[in-house]
$ cat entry04.txt   # compact mmCIF, N, CA and C atoms
# COMPACT_ATOMS: atom_id res chain seq x y z
N MET A 1 4.19 -18.98 29.16
CA MET A 1 2.95 -18.92 28.44
C MET A 1 2.08 -17.77 28.96
N LYS A 2 2.20 -17.46 30.25
CA LYS A 2 1.42 -16.35 30.80
C LYS A 2 1.86 -15.02 30.20
N LEU A 3 3.16 -14.89 29.92
CA LEU A 3 3.64 -13.64 29.32
C LEU A 3 3.08 -13.44 27.92
N LEU A 4 2.77 -14.54 27.24
CA LEU A 4 2.18 -14.46 25.91
C LEU A 4 0.66 -14.39 25.96
N ARG A 5 0.08 -14.40 27.16
CA ARG A 5 -1.37 -14.38 27.39
C ARG A 5 -2.04 -15.63 26.82
N LEU A 6 -1.34 -16.75 26.83
CA LEU A 6 -1.89 -18.01 26.36
C LEU A 6 -2.07 -18.92 27.57
N ARG A 7 -3.26 -18.91 28.14
CA ARG A 7 -3.52 -19.66 29.37
C ARG A 7 -4.34 -20.91 29.13
N GLN A 8 -4.99 -21.02 27.98
CA GLN A 8 -5.81 -22.20 27.67
C GLN A 8 -5.45 -22.71 26.29
N ILE A 9 -5.87 -23.91 26.01
CA ILE A 9 -5.68 -24.46 24.67
C ILE A 9 -6.60 -23.72 23.71
N ASN A 10 -6.18 -23.52 22.48
CA ASN A 10 -6.93 -22.84 21.43
C ASN A 10 -7.16 -21.35 21.69
N ASN A 11 -6.27 -20.72 22.44
CA ASN A 11 -6.31 -19.27 22.59
C ASN A 11 -5.42 -18.64 21.53
N GLY A 12 -5.74 -17.42 21.13
CA GLY A 12 -4.93 -16.73 20.15
C GLY A 12 -4.68 -15.29 20.55
N VAL A 13 -3.50 -14.78 20.25
CA VAL A 13 -3.13 -13.40 20.54
C VAL A 13 -2.28 -12.85 19.40
N PHE A 14 -2.18 -11.52 19.35
CA PHE A 14 -1.27 -10.86 18.42
C PHE A 14 -0.05 -10.44 19.21
N ILE A 15 1.13 -10.61 18.62
CA ILE A 15 2.38 -10.27 19.29
C ILE A 15 3.24 -9.45 18.34
N LYS A 16 3.82 -8.38 18.87
CA LYS A 16 4.78 -7.58 18.11
C LYS A 16 6.11 -8.34 18.12
N LEU A 17 6.65 -8.57 16.94
CA LEU A 17 7.86 -9.39 16.83
C LEU A 17 9.10 -8.52 17.04
N ASN A 18 9.79 -8.75 18.14
CA ASN A 18 11.07 -8.11 18.41
C ASN A 18 12.00 -9.16 19.03
N LYS A 19 13.17 -8.77 19.43
CA LYS A 19 14.15 -9.75 19.91
C LYS A 19 13.64 -10.50 21.14
N ALA A 20 13.03 -9.79 22.08
CA ALA A 20 12.54 -10.42 23.30
C ALA A 20 11.40 -11.39 23.00
N SER A 21 10.47 -10.97 22.16
CA SER A 21 9.33 -11.85 21.85
C SER A 21 9.78 -13.05 21.02
N LYS A 22 10.80 -12.87 20.16
CA LYS A 22 11.32 -14.01 19.39
C LYS A 22 11.88 -15.08 20.32
N GLU A 23 12.59 -14.65 21.36
CA GLU A 23 13.16 -15.60 22.32
C GLU A 23 12.06 -16.31 23.10
N MET A 24 11.02 -15.58 23.50
CA MET A 24 9.90 -16.21 24.20
C MET A 24 9.21 -17.23 23.29
N LEU A 25 9.01 -16.87 22.03
CA LEU A 25 8.37 -17.78 21.09
C LEU A 25 9.23 -19.00 20.81
N ARG A 26 10.55 -18.81 20.77
CA ARG A 26 11.46 -19.93 20.54
C ARG A 26 11.36 -20.94 21.69
N ILE A 27 11.26 -20.43 22.91
CA ILE A 27 11.16 -21.32 24.08
C ILE A 27 9.81 -22.05 24.09
N ALA A 28 8.74 -21.35 23.73
CA ALA A 28 7.39 -21.94 23.78
C ALA A 28 7.01 -22.66 22.49
N GLU A 29 7.91 -22.70 21.51
CA GLU A 29 7.57 -23.23 20.18
C GLU A 29 7.00 -24.65 20.19
N PRO A 30 7.48 -25.57 21.03
CA PRO A 30 6.90 -26.92 21.00
C PRO A 30 5.44 -26.99 21.47
N TYR A 31 4.94 -25.92 22.04
CA TYR A 31 3.59 -25.94 22.60
C TYR A 31 2.60 -25.05 21.84
N ILE A 32 3.10 -24.27 20.89
CA ILE A 32 2.22 -23.33 20.19
C ILE A 32 2.43 -23.42 18.68
N THR A 33 1.46 -22.90 17.95
CA THR A 33 1.62 -22.72 16.52
C THR A 33 1.47 -21.23 16.23
N MET A 34 2.27 -20.72 15.32
CA MET A 34 2.29 -19.28 15.09
C MET A 34 2.45 -19.00 13.61
N GLY A 35 2.25 -17.74 13.23
CA GLY A 35 2.42 -17.36 11.85
C GLY A 35 2.10 -15.90 11.66
N TYR A 36 2.08 -15.48 10.40
CA TYR A 36 1.87 -14.08 10.05
C TYR A 36 0.50 -13.96 9.37
N PRO A 37 -0.52 -13.51 10.09
CA PRO A 37 -1.87 -13.44 9.50
C PRO A 37 -1.99 -12.31 8.49
N ASN A 38 -2.89 -12.49 7.53
CA ASN A 38 -3.15 -11.42 6.57
C ASN A 38 -4.29 -10.54 7.09
N LEU A 39 -4.59 -9.49 6.36
CA LEU A 39 -5.59 -8.53 6.80
C LEU A 39 -6.96 -9.17 6.94
N LYS A 40 -7.31 -10.07 6.04
CA LYS A 40 -8.61 -10.74 6.10
C LYS A 40 -8.75 -11.55 7.38
N SER A 41 -7.70 -12.25 7.77
CA SER A 41 -7.74 -13.06 8.99
C SER A 41 -7.86 -12.19 10.23
N VAL A 42 -7.11 -11.09 10.27
CA VAL A 42 -7.18 -10.17 11.41
C VAL A 42 -8.59 -9.59 11.52
N ARG A 43 -9.14 -9.18 10.39
CA ARG A 43 -10.49 -8.60 10.38
C ARG A 43 -11.52 -9.63 10.84
N GLU A 44 -11.44 -10.86 10.34
CA GLU A 44 -12.39 -11.90 10.74
C GLU A 44 -12.29 -12.20 12.23
N LEU A 45 -11.07 -12.28 12.76
CA LEU A 45 -10.90 -12.57 14.18
C LEU A 45 -11.51 -11.47 15.05
N ILE A 46 -11.23 -10.22 14.71
CA ILE A 46 -11.71 -9.13 15.55
C ILE A 46 -13.22 -8.98 15.45
N TYR A 47 -13.78 -9.10 14.25
CA TYR A 47 -15.23 -8.96 14.11
C TYR A 47 -15.99 -10.13 14.73
N LYS A 48 -15.49 -11.36 14.57
CA LYS A 48 -16.23 -12.51 15.04
C LYS A 48 -15.91 -12.89 16.48
N ARG A 49 -14.64 -12.85 16.85
CA ARG A 49 -14.22 -13.32 18.18
C ARG A 49 -13.65 -12.21 19.06
N GLY A 50 -13.81 -10.95 18.63
CA GLY A 50 -13.17 -9.86 19.34
C GLY A 50 -13.93 -9.42 20.59
N PHE A 51 -13.22 -9.34 21.69
CA PHE A 51 -13.74 -8.81 22.94
C PHE A 51 -12.73 -7.82 23.46
N GLY A 52 -13.20 -6.79 24.13
CA GLY A 52 -12.32 -5.77 24.69
C GLY A 52 -12.22 -5.93 26.19
N LYS A 53 -11.20 -5.30 26.74
CA LYS A 53 -10.97 -5.31 28.18
C LYS A 53 -11.30 -3.92 28.70
N VAL A 54 -12.40 -3.81 29.43
CA VAL A 54 -12.83 -2.54 30.02
C VAL A 54 -12.91 -2.73 31.52
N ASN A 55 -12.07 -2.04 32.27
CA ASN A 55 -11.99 -2.16 33.72
C ASN A 55 -11.78 -3.61 34.16
N GLY A 56 -10.96 -4.34 33.43
CA GLY A 56 -10.66 -5.72 33.76
C GLY A 56 -11.75 -6.70 33.39
N GLN A 57 -12.82 -6.24 32.77
CA GLN A 57 -13.94 -7.10 32.39
C GLN A 57 -13.90 -7.38 30.89
N ARG A 58 -14.35 -8.56 30.50
CA ARG A 58 -14.42 -8.96 29.09
C ARG A 58 -15.73 -8.42 28.51
N VAL A 59 -15.61 -7.48 27.57
CA VAL A 59 -16.78 -6.81 27.00
C VAL A 59 -16.80 -7.05 25.49
N ALA A 60 -17.96 -7.46 24.98
CA ALA A 60 -18.08 -7.69 23.54
C ALA A 60 -17.96 -6.37 22.79
N ILE A 61 -17.31 -6.42 21.63
CA ILE A 61 -17.18 -5.22 20.80
C ILE A 61 -18.39 -5.18 19.87
N ASN A 62 -19.50 -4.67 20.40
CA ASN A 62 -20.74 -4.59 19.62
C ASN A 62 -20.80 -3.32 18.80
N ASP A 63 -20.29 -2.24 19.36
CA ASP A 63 -20.31 -0.97 18.65
C ASP A 63 -19.02 -0.21 18.93
N ASN A 64 -18.86 0.89 18.23
CA ASN A 64 -17.61 1.65 18.32
C ASN A 64 -17.45 2.41 19.62
N SER A 65 -18.52 2.58 20.38
CA SER A 65 -18.42 3.36 21.62
C SER A 65 -17.52 2.66 22.64
N VAL A 66 -17.52 1.33 22.66
CA VAL A 66 -16.65 0.59 23.58
C VAL A 66 -15.18 0.88 23.27
N ILE A 67 -14.85 0.90 21.98
CA ILE A 67 -13.47 1.16 21.56
C ILE A 67 -13.12 2.63 21.80
N GLU A 68 -14.06 3.52 21.49
CA GLU A 68 -13.77 4.95 21.58
C GLU A 68 -13.50 5.38 23.01
N GLU A 69 -14.24 4.84 23.98
CA GLU A 69 -14.01 5.29 25.36
C GLU A 69 -12.71 4.71 25.93
N SER A 70 -12.25 3.56 25.42
CA SER A 70 -10.99 2.98 25.92
C SER A 70 -9.76 3.45 25.15
N LEU A 71 -9.88 3.57 23.83
CA LEU A 71 -8.72 3.88 22.99
C LEU A 71 -8.84 5.21 22.25
N GLY A 72 -9.85 6.00 22.55
CA GLY A 72 -10.05 7.28 21.86
C GLY A 72 -8.90 8.23 22.03
N LYS A 73 -8.23 8.20 23.17
CA LYS A 73 -7.10 9.12 23.40
C LYS A 73 -5.90 8.80 22.52
N TYR A 74 -5.89 7.60 21.92
CA TYR A 74 -4.81 7.22 21.01
C TYR A 74 -5.22 7.38 19.55
N GLY A 75 -6.40 7.91 19.29
CA GLY A 75 -6.86 8.12 17.93
C GLY A 75 -7.53 6.90 17.32
N ILE A 76 -7.84 5.91 18.14
CA ILE A 76 -8.52 4.70 17.67
C ILE A 76 -9.98 4.82 18.12
N VAL A 77 -10.88 5.07 17.16
CA VAL A 77 -12.26 5.35 17.53
C VAL A 77 -13.27 4.33 16.98
N CYS A 78 -12.83 3.43 16.12
CA CYS A 78 -13.76 2.45 15.57
C CYS A 78 -13.05 1.11 15.36
N VAL A 79 -13.80 0.11 14.98
CA VAL A 79 -13.25 -1.23 14.80
C VAL A 79 -12.21 -1.24 13.67
N GLU A 80 -12.49 -0.52 12.60
CA GLU A 80 -11.53 -0.49 11.49
C GLU A 80 -10.21 0.16 11.90
N ASP A 81 -10.26 1.19 12.75
CA ASP A 81 -9.02 1.78 13.27
C ASP A 81 -8.24 0.76 14.10
N LEU A 82 -8.97 -0.02 14.90
CA LEU A 82 -8.34 -1.05 15.72
C LEU A 82 -7.68 -2.11 14.84
N ILE A 83 -8.39 -2.55 13.81
CA ILE A 83 -7.84 -3.54 12.88
C ILE A 83 -6.60 -2.99 12.19
N HIS A 84 -6.65 -1.73 11.76
CA HIS A 84 -5.51 -1.11 11.08
C HIS A 84 -4.30 -1.02 12.02
N GLU A 85 -4.54 -0.65 13.26
CA GLU A 85 -3.45 -0.52 14.24
C GLU A 85 -2.80 -1.88 14.52
N ILE A 86 -3.62 -2.91 14.64
CA ILE A 86 -3.09 -4.25 14.91
C ILE A 86 -2.34 -4.78 13.69
N PHE A 87 -2.92 -4.66 12.51
CA PHE A 87 -2.31 -5.23 11.31
C PHE A 87 -1.01 -4.55 10.93
N THR A 88 -0.97 -3.22 11.04
CA THR A 88 0.24 -2.49 10.63
C THR A 88 1.25 -2.36 11.76
N VAL A 89 0.92 -2.84 12.96
CA VAL A 89 1.77 -2.70 14.15
C VAL A 89 2.16 -1.23 14.28
N GLY A 90 1.14 -0.39 14.40
CA GLY A 90 1.33 1.05 14.47
C GLY A 90 1.91 1.51 15.79
N PRO A 91 1.99 2.82 15.99
CA PRO A 91 2.61 3.37 17.20
C PRO A 91 1.85 3.05 18.49
N HIS A 92 0.57 2.76 18.39
CA HIS A 92 -0.22 2.45 19.60
C HIS A 92 -0.64 0.98 19.59
N PHE A 93 0.20 0.12 19.00
CA PHE A 93 -0.10 -1.32 18.96
C PHE A 93 -0.21 -1.89 20.37
N LYS A 94 0.68 -1.48 21.25
CA LYS A 94 0.69 -2.03 22.61
C LYS A 94 -0.63 -1.77 23.32
N GLN A 95 -1.13 -0.54 23.22
CA GLN A 95 -2.39 -0.20 23.88
C GLN A 95 -3.57 -0.92 23.22
N ALA A 96 -3.56 -1.00 21.88
CA ALA A 96 -4.64 -1.66 21.16
C ALA A 96 -4.65 -3.16 21.47
N ASN A 97 -3.49 -3.76 21.51
CA ASN A 97 -3.40 -5.19 21.78
C ASN A 97 -3.76 -5.49 23.23
N ASN A 98 -3.38 -4.60 24.13
CA ASN A 98 -3.73 -4.78 25.54
C ASN A 98 -5.23 -4.64 25.75
N PHE A 99 -5.89 -3.81 24.93
CA PHE A 99 -7.34 -3.66 25.01
C PHE A 99 -8.05 -4.93 24.57
N LEU A 100 -7.48 -5.62 23.57
CA LEU A 100 -8.12 -6.84 23.07
C LEU A 100 -7.94 -7.99 24.05
N TRP A 101 -9.04 -8.67 24.33
CA TRP A 101 -8.99 -9.90 25.12
C TRP A 101 -8.44 -10.98 24.21
N HIS A 102 -7.76 -11.98 24.76
CA HIS A 102 -7.25 -13.05 23.91
C HIS A 102 -8.43 -13.75 23.22
N PHE A 103 -8.17 -14.26 22.03
CA PHE A 103 -9.24 -14.88 21.23
C PHE A 103 -9.43 -16.32 21.67
N LYS A 104 -10.67 -16.67 21.99
CA LYS A 104 -11.00 -18.05 22.35
C LYS A 104 -11.51 -18.73 21.10
N LEU A 105 -10.65 -19.50 20.46
CA LEU A 105 -10.98 -20.14 19.20
C LEU A 105 -11.53 -21.54 19.43
N SER A 106 -12.26 -22.05 18.45
CA SER A 106 -12.78 -23.41 18.55
C SER A 106 -11.70 -24.39 18.07
N CYS A 107 -11.98 -25.67 18.20
CA CYS A 107 -11.04 -26.69 17.73
C CYS A 107 -10.96 -26.63 16.20
N VAL A 108 -9.86 -27.10 15.67
CA VAL A 108 -9.64 -27.08 14.22
C VAL A 108 -10.61 -28.04 13.55
N LYS A 109 -11.38 -27.55 12.58
CA LYS A 109 -12.27 -28.42 11.82
C LYS A 109 -11.43 -29.38 11.01
N GLY A 110 -11.71 -30.66 11.12
CA GLY A 110 -10.91 -31.66 10.43
C GLY A 110 -9.77 -32.18 11.29
N GLY A 111 -9.56 -31.56 12.44
CA GLY A 111 -8.54 -32.03 13.38
C GLY A 111 -7.13 -31.61 13.00
N LEU A 112 -6.21 -31.88 13.91
CA LEU A 112 -4.80 -31.61 13.68
C LEU A 112 -4.15 -32.85 13.08
N ARG A 113 -3.04 -32.65 12.39
CA ARG A 113 -2.38 -33.77 11.73
C ARG A 113 -1.56 -34.59 12.71
N LYS A 114 -0.55 -33.98 13.28
CA LYS A 114 0.33 -34.69 14.20
C LYS A 114 0.88 -33.67 15.18
N ILE A 115 0.39 -33.69 16.40
CA ILE A 115 0.74 -32.63 17.34
C ILE A 115 2.15 -32.75 17.89
N ASN A 116 2.79 -33.90 17.72
CA ASN A 116 4.13 -34.09 18.27
C ASN A 116 5.23 -33.66 17.32
N ASN A 117 4.90 -33.34 16.07
CA ASN A 117 5.91 -32.97 15.10
C ASN A 117 5.82 -31.49 14.75
N HIS A 118 6.95 -30.93 14.38
CA HIS A 118 7.01 -29.55 13.92
C HIS A 118 6.28 -29.43 12.58
N PHE A 119 5.79 -28.24 12.27
CA PHE A 119 5.05 -28.01 11.02
C PHE A 119 5.89 -28.39 9.80
N VAL A 120 7.18 -28.12 9.86
CA VAL A 120 8.07 -28.43 8.74
C VAL A 120 8.16 -29.94 8.52
N ALA A 121 8.03 -30.71 9.59
CA ALA A 121 8.13 -32.17 9.50
C ALA A 121 6.76 -32.83 9.34
N GLY A 122 5.75 -32.06 8.94
CA GLY A 122 4.42 -32.62 8.73
C GLY A 122 3.53 -32.59 9.96
N GLY A 123 3.93 -31.86 10.99
CA GLY A 123 3.15 -31.78 12.21
C GLY A 123 2.36 -30.49 12.30
N ASP A 124 2.13 -30.04 13.53
CA ASP A 124 1.28 -28.87 13.72
C ASP A 124 1.92 -27.72 14.50
N PHE A 125 2.87 -27.96 15.37
CA PHE A 125 3.41 -26.85 16.14
C PHE A 125 4.52 -26.15 15.38
N GLY A 126 4.84 -24.94 15.83
CA GLY A 126 5.92 -24.19 15.20
C GLY A 126 5.43 -23.06 14.32
N ASN A 127 6.33 -22.51 13.55
CA ASN A 127 6.03 -21.35 12.72
C ASN A 127 5.45 -21.80 11.38
N ARG A 128 4.20 -21.41 11.14
CA ARG A 128 3.52 -21.76 9.89
C ARG A 128 3.66 -20.66 8.84
N GLU A 129 4.20 -19.51 9.23
CA GLU A 129 4.31 -18.33 8.37
C GLU A 129 2.94 -17.96 7.81
N HIS A 130 2.77 -17.88 6.51
CA HIS A 130 1.48 -17.44 5.96
C HIS A 130 0.43 -18.56 5.93
N PHE A 131 0.81 -19.80 6.22
CA PHE A 131 -0.16 -20.90 6.26
C PHE A 131 -1.04 -20.84 7.51
N ILE A 132 -0.74 -19.93 8.43
CA ILE A 132 -1.57 -19.78 9.63
C ILE A 132 -2.98 -19.32 9.24
N ASN A 133 -3.11 -18.64 8.11
CA ASN A 133 -4.42 -18.14 7.69
C ASN A 133 -5.41 -19.28 7.45
N ASN A 134 -4.93 -20.40 6.88
CA ASN A 134 -5.80 -21.55 6.67
C ASN A 134 -6.27 -22.13 8.01
N MET A 135 -5.37 -22.16 8.97
CA MET A 135 -5.73 -22.69 10.29
C MET A 135 -6.73 -21.77 10.99
N ILE A 136 -6.53 -20.47 10.86
CA ILE A 136 -7.47 -19.50 11.47
C ILE A 136 -8.86 -19.70 10.89
N ARG A 137 -8.96 -19.89 9.58
CA ARG A 137 -10.27 -20.10 8.94
C ARG A 137 -10.95 -21.35 9.50
N LYS A 138 -10.17 -22.41 9.77
CA LYS A 138 -10.75 -23.64 10.30
C LYS A 138 -11.16 -23.51 11.75
N MET A 139 -10.54 -22.58 12.48
CA MET A 139 -10.82 -22.43 13.91
C MET A 139 -11.82 -21.32 14.21
N ASN A 140 -12.04 -20.43 13.28
CA ASN A 140 -12.87 -19.26 13.56
C ASN A 140 -14.33 -19.54 13.43

$ encode --input "entry04.txt" --output "C-alpha cells"
Amino acid sequence: MKLLRLRQINNGVFIKLNKASKEMLRIAEPYITMGYPNLKSVRELIYKRGFGKVNGQRVAINDNSVIEESLGKYGIVCVEDLIHEIFTVGPHFKQANNFLWHFKLSCVKGGLRKINNHFVAGGDFGNREHFINNMIRKMN
C-alpha cells in the first residue's frame, strides 16, 4: 500500500497502468476500489482537493506559481497543464503525479454498500471501471 501512496483510508492517487502496477493493484484489490476517471472527475479532484509537494511540504495549489516553479522545466506551467498531463498520461506524468500530494477524500455520502464483497458481486472493492466517477462525486 505504501508503494501506491495509500497510507490512510479514503486516500486517492493516480496511477499509470502498466504490468508492474497491474500486479500491485491485483494484490491490493481486496482493500481498495479503483477505476478510470473521466476528465471532469480529474479536474474536480485537482481543483478542490489538489495539493502539491514542494520541498517535502504539502502546499495548496492556490495559483499557478506553485506549479510553475516545481514543474516549469517540464512545460507544465498552470493547473490546466497539470490536469492535461495527468488525464492523458503524457510524457511527464511521473513528475506531475509525484508533485501531487495524495487526495484526502471524505467518506462516501450515503455510505458504502458492502465492503466485504467485490464490486461485481454487489460490494465496494475492486475495479469499478467508469463507475468510479460516481463514487468520486460522492466523496469530493

$ residues_near_point --input "entry04.txt" --point "(-9.5, -6.1, 19.0)" --cutoff "7 Å" --atoms "only N, CA and C atoms" --output "number ranges by chain"
A: 45-46, 50-52, 82-83, 96-97, 99-101

$ atom_distance --input "entry04.txt" --atom1 "CA of Lys73 (chain A)" --atom2 "CA of Gly12 (chain A)"
26.1 Å

$ atom_distance --input "entry04.txt" --atom1 "atom N of Val59 (chain A)" --atom2 "atom N of Cys107 (chain A)"
20.8 Å

$ residues_near_point --input "entry04.txt" --point "(-11.9, 0.3, 23.2)" --cutoff "10 Å" --atoms "only C-alpha atoms" --output "ChimeraX atom specification"
/A:51-54,59,61,63-72,76-79,82,95-96,98-100

$ residues_around --input "entry04.txt" --residues "Leu39 (chain A)" --least-positions-apart "4" --cutoff "6.5 Å" --atoms "all atoms listed in the file" --output "mmCIF file with N, CA and C atoms, in the coordinates of the input"
data_model
loop_
_atom_site.group_PDB
_atom_site.id
_atom_site.type_symbol
_atom_site.label_atom_id
_atom_site.label_comp_id
_atom_site.auth_asym_id
_atom_site.auth_seq_id
_atom_site.Cartn_x
_atom_site.Cartn_y
_atom_site.Cartn_z
ATOM 1 N N ARG A 43 -9.140 -9.180 10.390
ATOM 2 C CA ARG A 43 -10.490 -8.600 10.380
ATOM 3 C C ARG A 43 -11.520 -9.630 10.840
ATOM 4 N N GLU A 44 -11.440 -10.860 10.340
ATOM 5 C CA GLU A 44 -12.390 -11.900 10.740
ATOM 6 C C GLU A 44 -12.290 -12.200 12.230
ATOM 7 N N PHE A 87 -2.920 -4.660 12.510
ATOM 8 C CA PHE A 87 -2.310 -5.230 11.310
ATOM 9 C C PHE A 87 -1.010 -4.550 10.930
#

$ atom_distance --input "entry04.txt" --atom1 "CA of Arg58 (chain A)" --atom2 "CA of Leu4 (chain A)"
17.8 Å
